[in-house]
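Report on one structure; see the data block that follows.
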Amino acid sequence: MQVTLRVQRFNPEHDTDPHFESYTIDADAMDRILDCLHQVKWYRDSSLALRRSCAHGICGSDAMVINGVNALACKVLVKDVKQPITVEPIRGLPLTKDLVVDMDPFFSGYLAVKPWLIADDAEPEPERERIQSAAERERFDDTTKCILCAACTTSCPIFWSDQEYVGPAAIVGAHRFIFDSRDAGGRERIEILSGKNGAFKCRTAFNCTAACPRGIEVTKAIQEVKQAALFGSF
Amino acid sequence: MTRYHTYDAVIVGAGGAGLSAALAAGKNVKTAVVSKLYPTRSHTGTAQGGMCAALANVEDDSWEWHAFDTVKGSDFLADQDAVDIMCKEAVTAVLELERMGLPFNRTPEGRIDQRRFGGHTRDHGEAPVKRACYAADRTGHMILQTLYQQCNKEGVEFFNEFFVLDLLMVEGTCAGIIAYELATGELHVFRSRSVLFATGGYGKMFKITSNAHTLTGDGPGVVYRKGLPLEDMEFFQFHPTGLYRLGILLSEAARGEGGILRNKDGERFMENYAPTIKDLAPRDMVSRAMFSEIKAGRGAGEDNDYLLLDLTEVDPEVVEKKLPDITEFARTYLDVEPLEEGVPVVPTAHYAMGGIPTTVDAEVLRDHRAETVPGFYAAGECACVSVHGANRLGTNSLLDIVVFGRRGGLAMTEYASTHPLPDVPEDAHEHAEKWLASLMEGDNPEPVADIRETLQQEMMDKASVVRNEDSLTQARDSIGKLAERYAGTRVRDRSKVFNTELTEHIEFGYLLDMAEALVVSALARTESRGGHYRDDHEMREDEHWLKHTFITKGDGGDPSLAYKDVTLGRYTPVERKY
């Protein structure tokens, strides 16, 4: 079948503003949008810039706005979207070129919440593994699925208007440790997230939950972090 | 403009091996990780099943049993000293990951849970054993995340989306690397006391593969062009259950939970090939059986070119709960409902057993006599220790990257602490600069994508699961012609910022080199062993072939071969039966 793509193009070396270009290609209904973009890049215009790696929804490289919705280009099939298929870069991060944005601010936000296990210094080093019950492990299971694709953060209207906000993905990253029974850094992280650029900026638009390609209940995780901050319940 | 950096340890690649090395080195010496991807995009993240270690949390186990299984799985080509180290250190490696925060699944007592996996047995093959430590069906994802988090905690410096172009050598000693920054198009010279390559595999030379688009053999490619050897390149693992057309992996756990492979007549064909363990035979054996079925016209579908993975007899709750990701893959990409119908599958190019030869401390070998290159290290799939020999066991790749990545990082620390920074000539970057300029000079309308597709099809047809002299000779000749065509192509995009046509162009050059090394090594090995199966030499021949292949690109560009004896140990080669 014939498929028409409308792709946002921008080359900082000679464009002042982004514009759209249309490409009509042969594709199969079962092809991924990523396959279509490859068709364009490999056979029509080699200068098209995009990120991708695993091509099956695990590495998190190819988050884009497809027909107005944040998604991974390797998880959306031609048969499931209306034509022409409009493809734009994710919003709220500085545009580098075509479908590529600068991810450094996103990763800085993530690292700002100290997303690593902070052990209790008072406790002796365990000889073997720490003991953790299956229920304790289950408590933070959902937020361990995050692949840092930025689909949630760049779907958030608060983040669009204020990039100082750490954003949903960073709060998910903090949640994963705050509710881990082995972690002693909850207070430090809550302090960071109680600040003016933290979790309380969230206005529960639920865009993030809808955008997550891993099915994480992002908004719920953010609410749990807010509650933990208010009631010290973690 | 060229930029200069100076480090004690530079690590190329940010998957499990690279980050393990960075963590070990970063605590002691000034360390940088240079990766063509953001670290969390690395392919380690797609590993599903688990990481084996004889913790004996659930059942009796010992590291010696693990070592036996690994050696037997390797069809006795693995070096047994390296296998012993890996299986012994597996236990501390898993416990260390837990201490770093890795969220392993837990037993009712709150210990790390363990489950069965293909080829892992109790007491030298007596029965399957629960040895794989796991975090749901995303163990690799959790290892990658945990290591990335810890590296940031320790202040390791990252150069993300920097693409390695060359290794700097001064009088036979490693002196650093040259890298290309994607965001700016600038060259960077990293002077370093030590360098470790952890660049992953090169499955993209095949049409059907579980590998990411970015797995193109960059590290081994650079090494091969430097005139250094690659080891055991003919051994490439095909995983039996890749999604039809796409190659996306469906974990071995699917058959572990009771899934059955069927041909177009609904026959459970593995009964004819491995009467005792049937669908749970090792990967190389099952892939060969599938190949035979398709060749005999018993494949399913319009073109009789796939088999069916039947999960309909497995408890639906088990499918949903224990195999959620792979059932989602079948639904998303093939529109198939695994609870109601067979999932179309084909063998998919999965893992390179061969690579850059190293010692057990990840030091790179200069030749088959085991001389090393001072200051140069390699670990993970791009390297060959060799712990996987001719066929890797499931879960041992995650173990390999953590154990030998860490050992490499420690060895770099030691080396960097006792050796001066090599002098790098001021014109060190000129070779790379001229190379890039030459790729962007002149015109040629032929897209590299066409040549790449031809290579992938040729390798699939002639050098994959079943090979022989004719098919390999044809493949070698094709690669030669494709290399000529490739040499004439040019990068049409001349921009500086995020020029991925340029990086894809260079990556394909490495793939061509990897394909050449694989085919030439395979043509010479006139026996069948593990993942290397020749229907014109069907038997394993220990008398002649219990040895590792070393392939080197000569000055004239032609590859030459040499051989190194396998390091044996407690286990004497016997026929491999399951």
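Labels used: A, B, ... for chains in the order of the structure tokens, numbers from 1 for residues in each chain, and numbers from 1 for ligands as shown.
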Given only C-alpha atoms, how would the per-residue table for chain B near chain A read, listing every residue at most 8 Å away with its closest atom pair and distance in Å to one decimal, sorted by chain and number, as JSON lines?
{"residue": "B:Thr40", "atom": "CA", "partner": "A:Cys59", "partner_atom": "CA", "distance": 6.9}
{"residue": "B:Arg41", "atom": "CA", "partner": "A:Cys59", "partner_atom": "CA", "distance": 4.5}
{"residue": "B:Ser42", "atom": "CA", "partner": "A:Cys59", "partner_atom": "CA", "distance": 6.8}
{"residue": "B:His43", "atom": "CA", "partner": "A:Cys54", "partner_atom": "CA", "distance": 7.0}
{"residue": "B:Gly45", "atom": "CA", "partner": "A:Cys59", "partner_atom": "CA", "distance": 6.6}
{"residue": "B:Thr46", "atom": "CA", "partner": "A:Ile58", "partner_atom": "CA", "distance": 6.1}
{"residue": "B:Leu95", "atom": "CA", "partner": "A:Glu129", "partner_atom": "CA", "distance": 5.6}
{"residue": "B:Glu98", "atom": "CA", "partner": "A:Glu129", "partner_atom": "CA", "distance": 6.2}
{"residue": "B:Arg99", "atom": "CA", "partner": "A:Glu129", "partner_atom": "CA", "distance": 6.7}
{"residue": "B:Met100", "atom": "CA", "partner": "A:Leu117", "partner_atom": "CA", "distance": 6.3}
{"residue": "B:Gly101", "atom": "CA", "partner": "A:Leu117", "partner_atom": "CA", "distance": 5.4}
{"residue": "B:Pro103", "atom": "CA", "partner": "A:Arg137", "partner_atom": "CA", "distance": 7.0}
{"residue": "B:Asn105", "atom": "CA", "partner": "A:Ala134", "partner_atom": "CA", "distance": 7.1}
{"residue": "B:Arg106", "atom": "CA", "partner": "A:Ala134", "partner_atom": "CA", "distance": 5.3}
{"residue": "B:Thr107", "atom": "CA", "partner": "A:Ala134", "partner_atom": "CA", "distance": 6.9}
{"residue": "B:Pro108", "atom": "CA", "partner": "A:Ala134", "partner_atom": "CA", "distance": 6.6}
{"residue": "B:Glu109", "atom": "CA", "partner": "A:Ser133", "partner_atom": "CA", "distance": 6.8}
{"residue": "B:Gly110", "atom": "CA", "partner": "A:Ser133", "partner_atom": "CA", "distance": 4.3}
{"residue": "B:Arg111", "atom": "CA", "partner": "A:Ile131", "partner_atom": "CA", "distance": 5.7}
{"residue": "B:Ile112", "atom": "CA", "partner": "A:Glu129", "partner_atom": "CA", "distance": 7.3}
{"residue": "B:Met142", "atom": "CA", "partner": "A:Thr144", "partner_atom": "CA", "distance": 7.6}
{"residue": "B:Thr146", "atom": "CA", "partner": "A:Trp116", "partner_atom": "CA", "distance": 7.4}
{"residue": "B:Gln149", "atom": "CA", "partner": "A:Trp116", "partner_atom": "CA", "distance": 5.2}
{"residue": "B:Gln150", "atom": "CA", "partner": "A:Trp116", "partner_atom": "CA", "distance": 6.2}
{"residue": "B:Asn152", "atom": "CA", "partner": "A:Leu111", "partner_atom": "CA", "distance": 7.8}
{"residue": "B:Lys153", "atom": "CA", "partner": "A:Trp116", "partner_atom": "CA", "distance": 6.9}
{"residue": "B:Ala183", "atom": "CA", "partner": "A:Thr96", "partner_atom": "CA", "distance": 7.7}
{"residue": "B:Asn211", "atom": "CA", "partner": "A:Cys54", "partner_atom": "CA", "distance": 6.9}
{"residue": "B:Ala212", "atom": "CA", "partner": "A:Cys54", "partner_atom": "CA", "distance": 4.0}
{"residue": "B:His213", "atom": "CA", "partner": "A:Ser53", "partner_atom": "CA", "distance": 5.1}
{"residue": "B:Thr214", "atom": "CA", "partner": "A:Ser53", "partner_atom": "CA", "distance": 5.6}
{"residue": "B:Ile248", "atom": "CA", "partner": "A:His56", "partner_atom": "CA", "distance": 7.2}
{"residue": "B:Phe329", "atom": "CA", "partner": "A:His56", "partner_atom": "CA", "distance": 7.9}
{"residue": "B:Thr332", "atom": "CA", "partner": "A:Lys75", "partner_atom": "CA", "distance": 7.3}
{"residue": "B:Tyr333", "atom": "CA", "partner": "A:Met30", "partner_atom": "CA", "distance": 6.9}
{"residue": "B:Leu334", "atom": "CA", "partner": "A:Met30", "partner_atom": "CA", "distance": 7.2}
{"residue": "B:Pro447", "atom": "CA", "partner": "A:Tyr43", "partner_atom": "CA", "distance": 6.8}
{"residue": "B:Val448", "atom": "CA", "partner": "A:Trp42", "partner_atom": "CA", "distance": 7.8}
{"residue": "B:Ala449", "atom": "CA", "partner": "A:Trp42", "partner_atom": "CA", "distance": 5.8}
{"residue": "B:Arg492", "atom": "CA", "partner": "A:Ser46", "partner_atom": "CA", "distance": 7.0}
{"residue": "B:Asp493", "atom": "CA", "partner": "A:Ser47", "partner_atom": "CA", "distance": 5.2}
{"residue": "B:Ser495", "atom": "CA", "partner": "A:Glu13", "partner_atom": "CA", "distance": 7.3}
{"residue": "B:Lys496", "atom": "CA", "partner": "A:Glu13", "partner_atom": "CA", "distance": 7.9}
{"residue": "B:Val497", "atom": "CA", "partner": "A:Lys97", "partner_atom": "CA", "distance": 7.3}
{"residue": "B:Phe498", "atom": "CA", "partner": "A:Ala49", "partner_atom": "CA", "distance": 6.6}
{"residue": "B:Asn499", "atom": "CA", "partner": "A:Ser47", "partner_atom": "CA", "distance": 6.9}
{"residue": "B:Thr500", "atom": "CA", "partner": "A:Ala49", "partner_atom": "CA", "distance": 6.3}
{"residue": "B:Glu501", "atom": "CA", "partner": "A:Ser46", "partner_atom": "CA", "distance": 6.0}
Legend entry - Surrounding residues of stretch 505-522 of chain B excluding itself and chain neighbours under 2 positions, 8 Å, only C-alpha atoms, as a PyMOL selection string: chain B and resi 202+204-205+216-218+220-222+224+230+232-235+448+452+455+459+463+472+475-476+479+483+486+491+501-503+524-526+532+549+551+559+561
Inset, instruction - Write out as a list in words the residues lying within 10 Å of stretch 195-203 of chain A, counting only C-alpha atoms and excluding same-chain residues fewer than 2 positions away. - result: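 So, after excluding close chain neighbours, the residues are Val113, Cys156, Pro157, Ile158, Phe159, Asp162, Gln163, Glu164, Tyr165, Val166, Gly167, Pro168, Ala170, Ile171, Arg189, Ile190, Glu191, Ile192, Leu193, Ala205, Phe206, Thr219, Ile222, Gln223, Glu224, Val225, Lys226 and Ala229 of chain A.
Of note, atom CA of B:Val566 and atom CA of B:Ser528 are spaced 16.3 Å apart.
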Inset, instruction - Return as a ChimeraX atom specification the full set of residues in stretch 92-278 of chain B whose backbone-based DSSP assignment is helix (DSSP H, G or I). - result: /B:92-99,139-153,203-205,218-225,253-256,270-273,278
Legend entry - Residue nearest A:Arg139 - candidates A:Val78, A:Ala73, A:Ala221, A:Val3, atoms counted: only C-alpha atoms: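 Distance minimum relative to A:Arg139 lands on A:Ala221.
Minimum atom-to-atom distance to B:Tyr415, evaluated using only C-alpha atoms, belongs to B:Pro374 out of B:Pro374, B:Gly50, B:Gly380, B:Gly247.
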Inset, instruction - Run DSSP on the backbone and grab whatever in stretch 8-119 of chain A lands in strand (DSSP E); send it over as a ChimeraX atom specification. - result: /A:8-9,19-26,63-66,69-72,85-88,95-97,100-101
What does the file look like for those residues with N, CA, C and O atoms, as a JSON list (two decimals), in the first residue's frame?
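Output saved as out16.json:
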[["chain", "number", "residue", "atom", "x", "y", "z"],
["A", 8, "GLN", "N", 8.33, 16.56, 10.08],
["A", 8, "GLN", "CA", 8.90, 17.87, 10.39],
["A", 8, "GLN", "C", 10.40, 17.86, 10.13],
["A", 8, "GLN", "O", 11.12, 16.98, 10.63],
["A", 9, "ARG", "N", 10.87, 18.82, 9.35],
["A", 9, "ARG", "CA", 12.29, 18.90, 9.02],
["A", 9, "ARG", "C", 12.87, 20.20, 9.54],
["A", 9, "ARG", "O", 12.22, 21.24, 9.50],
["A", 19, "HIS", "N", 9.91, 23.07, 9.10],
["A", 19, "HIS", "CA", 8.83, 23.00, 8.12],
["A", 19, "HIS", "C", 8.49, 21.54, 7.90],
["A", 19, "HIS", "O", 9.21, 20.65, 8.36],
["A", 20, "PHE", "N", 7.40, 21.28, 7.20],
["A", 20, "PHE", "CA", 7.01, 19.90, 6.93],
["A", 20, "PHE", "C", 7.32, 19.51, 5.50],
["A", 20, "PHE", "O", 7.19, 20.32, 4.59],
["A", 21, "GLU", "N", 7.72, 18.26, 5.32],
["A", 21, "GLU", "CA", 7.87, 17.72, 3.97],
["A", 21, "GLU", "C", 7.06, 16.44, 3.89],
["A", 21, "GLU", "O", 6.98, 15.68, 4.85],
["A", 22, "SER", "N", 6.47, 16.20, 2.72],
["A", 22, "SER", "CA", 5.66, 14.99, 2.54],
["A", 22, "SER", "C", 6.39, 13.97, 1.69],
["A", 22, "SER", "O", 7.09, 14.33, 0.74],
["A", 23, "TYR", "N", 6.24, 12.73, 2.06],
["A", 23, "TYR", "CA", 6.86, 11.63, 1.32],
["A", 23, "TYR", "C", 5.81, 10.54, 1.14],
["A", 23, "TYR", "O", 5.17, 10.14, 2.11],
["A", 24, "THR", "N", 5.64, 10.09, -0.09],
["A", 24, "THR", "CA", 4.75, 8.95, -0.30],
["A", 24, "THR", "C", 5.61, 7.74, -0.64],
["A", 24, "THR", "O", 6.44, 7.78, -1.55],
["A", 25, "ILE", "N", 5.43, 6.69, 0.14],
["A", 25, "ILE", "CA", 6.29, 5.50, -0.02],
["A", 25, "ILE", "C", 5.42, 4.24, -0.05],
["A", 25, "ILE", "O", 4.23, 4.29, 0.30],
["A", 26, "ASP", "N", 6.01, 3.13, -0.46],
["A", 26, "ASP", "CA", 5.34, 1.84, -0.39],
["A", 26, "ASP", "C", 5.59, 1.24, 0.98],
["A", 26, "ASP", "O", 6.73, 1.18, 1.44],
["A", 63, "ALA", "N", 11.22, 8.02, 20.69],
["A", 63, "ALA", "CA", 9.99, 8.72, 21.07],
["A", 63, "ALA", "C", 9.78, 9.89, 20.12],
["A", 63, "ALA", "O", 10.72, 10.65, 19.88],
["A", 64, "MET", "N", 8.57, 9.99, 19.56],
["A", 64, "MET", "CA", 8.24, 11.07, 18.63],
["A", 64, "MET", "C", 6.77, 11.42, 18.81],
["A", 64, "MET", "O", 6.04, 10.70, 19.49],
["A", 65, "VAL", "N", 6.35, 12.50, 18.18],
["A", 65, "VAL", "CA", 4.92, 12.84, 18.18],
["A", 65, "VAL", "C", 4.34, 12.33, 16.86],
["A", 65, "VAL", "O", 4.71, 12.81, 15.79],
["A", 66, "ILE", "N", 3.49, 11.31, 16.95],
["A", 66, "ILE", "CA", 2.93, 10.70, 15.75],
["A", 66, "ILE", "C", 1.44, 10.99, 15.71],
["A", 66, "ILE", "O", 0.71, 10.60, 16.61],
["A", 69, "VAL", "N", 0.32, 12.48, 18.94],
["A", 69, "VAL", "CA", 0.40, 11.71, 20.18],
["A", 69, "VAL", "C", 1.83, 11.23, 20.40],
["A", 69, "VAL", "O", 2.47, 10.75, 19.46],
["A", 70, "ASN", "N", 2.32, 11.35, 21.64],
["A", 70, "ASN", "CA", 3.66, 10.86, 21.95],
["A", 70, "ASN", "C", 3.69, 9.33, 21.91],
["A", 70, "ASN", "O", 2.86, 8.67, 22.55],
["A", 71, "ALA", "N", 4.66, 8.76, 21.19],
["A", 71, "ALA", "CA", 4.77, 7.30, 21.10],
["A", 71, "ALA", "C", 6.16, 6.94, 20.60],
["A", 71, "ALA", "O", 6.91, 7.81, 20.13],
["A", 72, "LEU", "N", 6.50, 5.65, 20.71],
["A", 72, "LEU", "CA", 7.75, 5.17, 20.11],
["A", 72, "LEU", "C", 7.45, 4.80, 18.65],
["A", 72, "LEU", "O", 6.50, 4.05, 18.39],
["A", 85, "ILE", "N", 0.41, 10.48, 7.77],
["A", 85, "ILE", "CA", 0.95, 10.29, 9.11],
["A", 85, "ILE", "C", 1.91, 11.44, 9.41],
["A", 85, "ILE", "O", 2.93, 11.59, 8.73],
["A", 86, "THR", "N", 1.53, 12.25, 10.39],
["A", 86, "THR", "CA", 2.37, 13.40, 10.74],
["A", 86, "THR", "C", 3.36, 13.01, 11.83],
["A", 86, "THR", "O", 2.96, 12.45, 12.86],
["A", 87, "VAL", "N", 4.64, 13.25, 11.57],
["A", 87, "VAL", "CA", 5.68, 12.88, 12.54],
["A", 87, "VAL", "C", 6.48, 14.13, 12.93],
["A", 87, "VAL", "O", 7.01, 14.82, 12.06],
["A", 88, "GLU", "N", 6.50, 14.39, 14.23],
["A", 88, "GLU", "CA", 7.22, 15.57, 14.74],
["A", 88, "GLU", "C", 8.12, 15.15, 15.89],
["A", 88, "GLU", "O", 7.89, 14.11, 16.51],
["A", 95, "LEU", "N", 15.39, 21.72, 20.06],
["A", 95, "LEU", "CA", 15.44, 20.98, 18.80],
["A", 95, "LEU", "C", 16.86, 20.98, 18.25],
["A", 95, "LEU", "O", 17.50, 22.03, 18.15],
["A", 96, "THR", "N", 17.38, 19.79, 17.93],
["A", 96, "THR", "CA", 18.72, 19.67, 17.36],
["A", 96, "THR", "C", 18.63, 19.64, 15.83],
["A", 96, "THR", "O", 19.24, 20.45, 15.14],
["A", 97, "LYS", "N", 17.87, 18.70, 15.31],
["A", 97, "LYS", "CA", 17.73, 18.56, 13.85],
["A", 97, "LYS", "C", 16.57, 17.60, 13.57],
["A", 97, "LYS", "O", 16.47, 16.55, 14.23],
["A", 100, "VAL", "N", 15.28, 14.92, 15.98],
["A", 100, "VAL", "CA", 16.22, 14.76, 17.10],
["A", 100, "VAL", "C", 16.18, 16.00, 17.99],
["A", 100, "VAL", "O", 16.32, 17.12, 17.50],
["A", 101, "VAL", "N", 15.99, 15.76, 19.30],
["A", 101, "VAL", "CA", 16.05, 16.87, 20.27],
["A", 101, "VAL", "C", 17.23, 16.63, 21.21],
["A", 101, "VAL", "O", 17.75, 15.51, 21.30]]
Inset, instruction - Excluding B:Arg116 and any residue of its chain fewer than 5 positions from it, enumerate the residues within 9 Å of it, using only C-alpha atoms, and give them as an MDAnalysis selection string. - result: chainID B and resid 121 128:132 253 256
Inset, instruction - For atom CA of A:Cys36 and atom CA of A:Ala150, determine how far apart the two atoms are, in Å to one decimal place. - result: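 Between these atoms lies a distance of 21.9 Å.
Comparing the minimum interatomic distances between B:Lys321 and each of B:Glu293, B:Asp137, B:Glu441, B:Asp61, counting only C-alpha atoms, we find that B:Asp137 sits nearest.
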Legend entry - Close residues, stretch 242-244 of chain B itself excluded, 6 Å, only C-alpha atoms, min 3 positions apart in chain, as a list of chain:residue names: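 Skipping anything fewer than 3 positions along the chain leaves B:Gly247, B:Ile248, B:Leu249, B:Leu250, B:Pro344, B:Val345, B:Val346, B:Pro347, B:Thr348.
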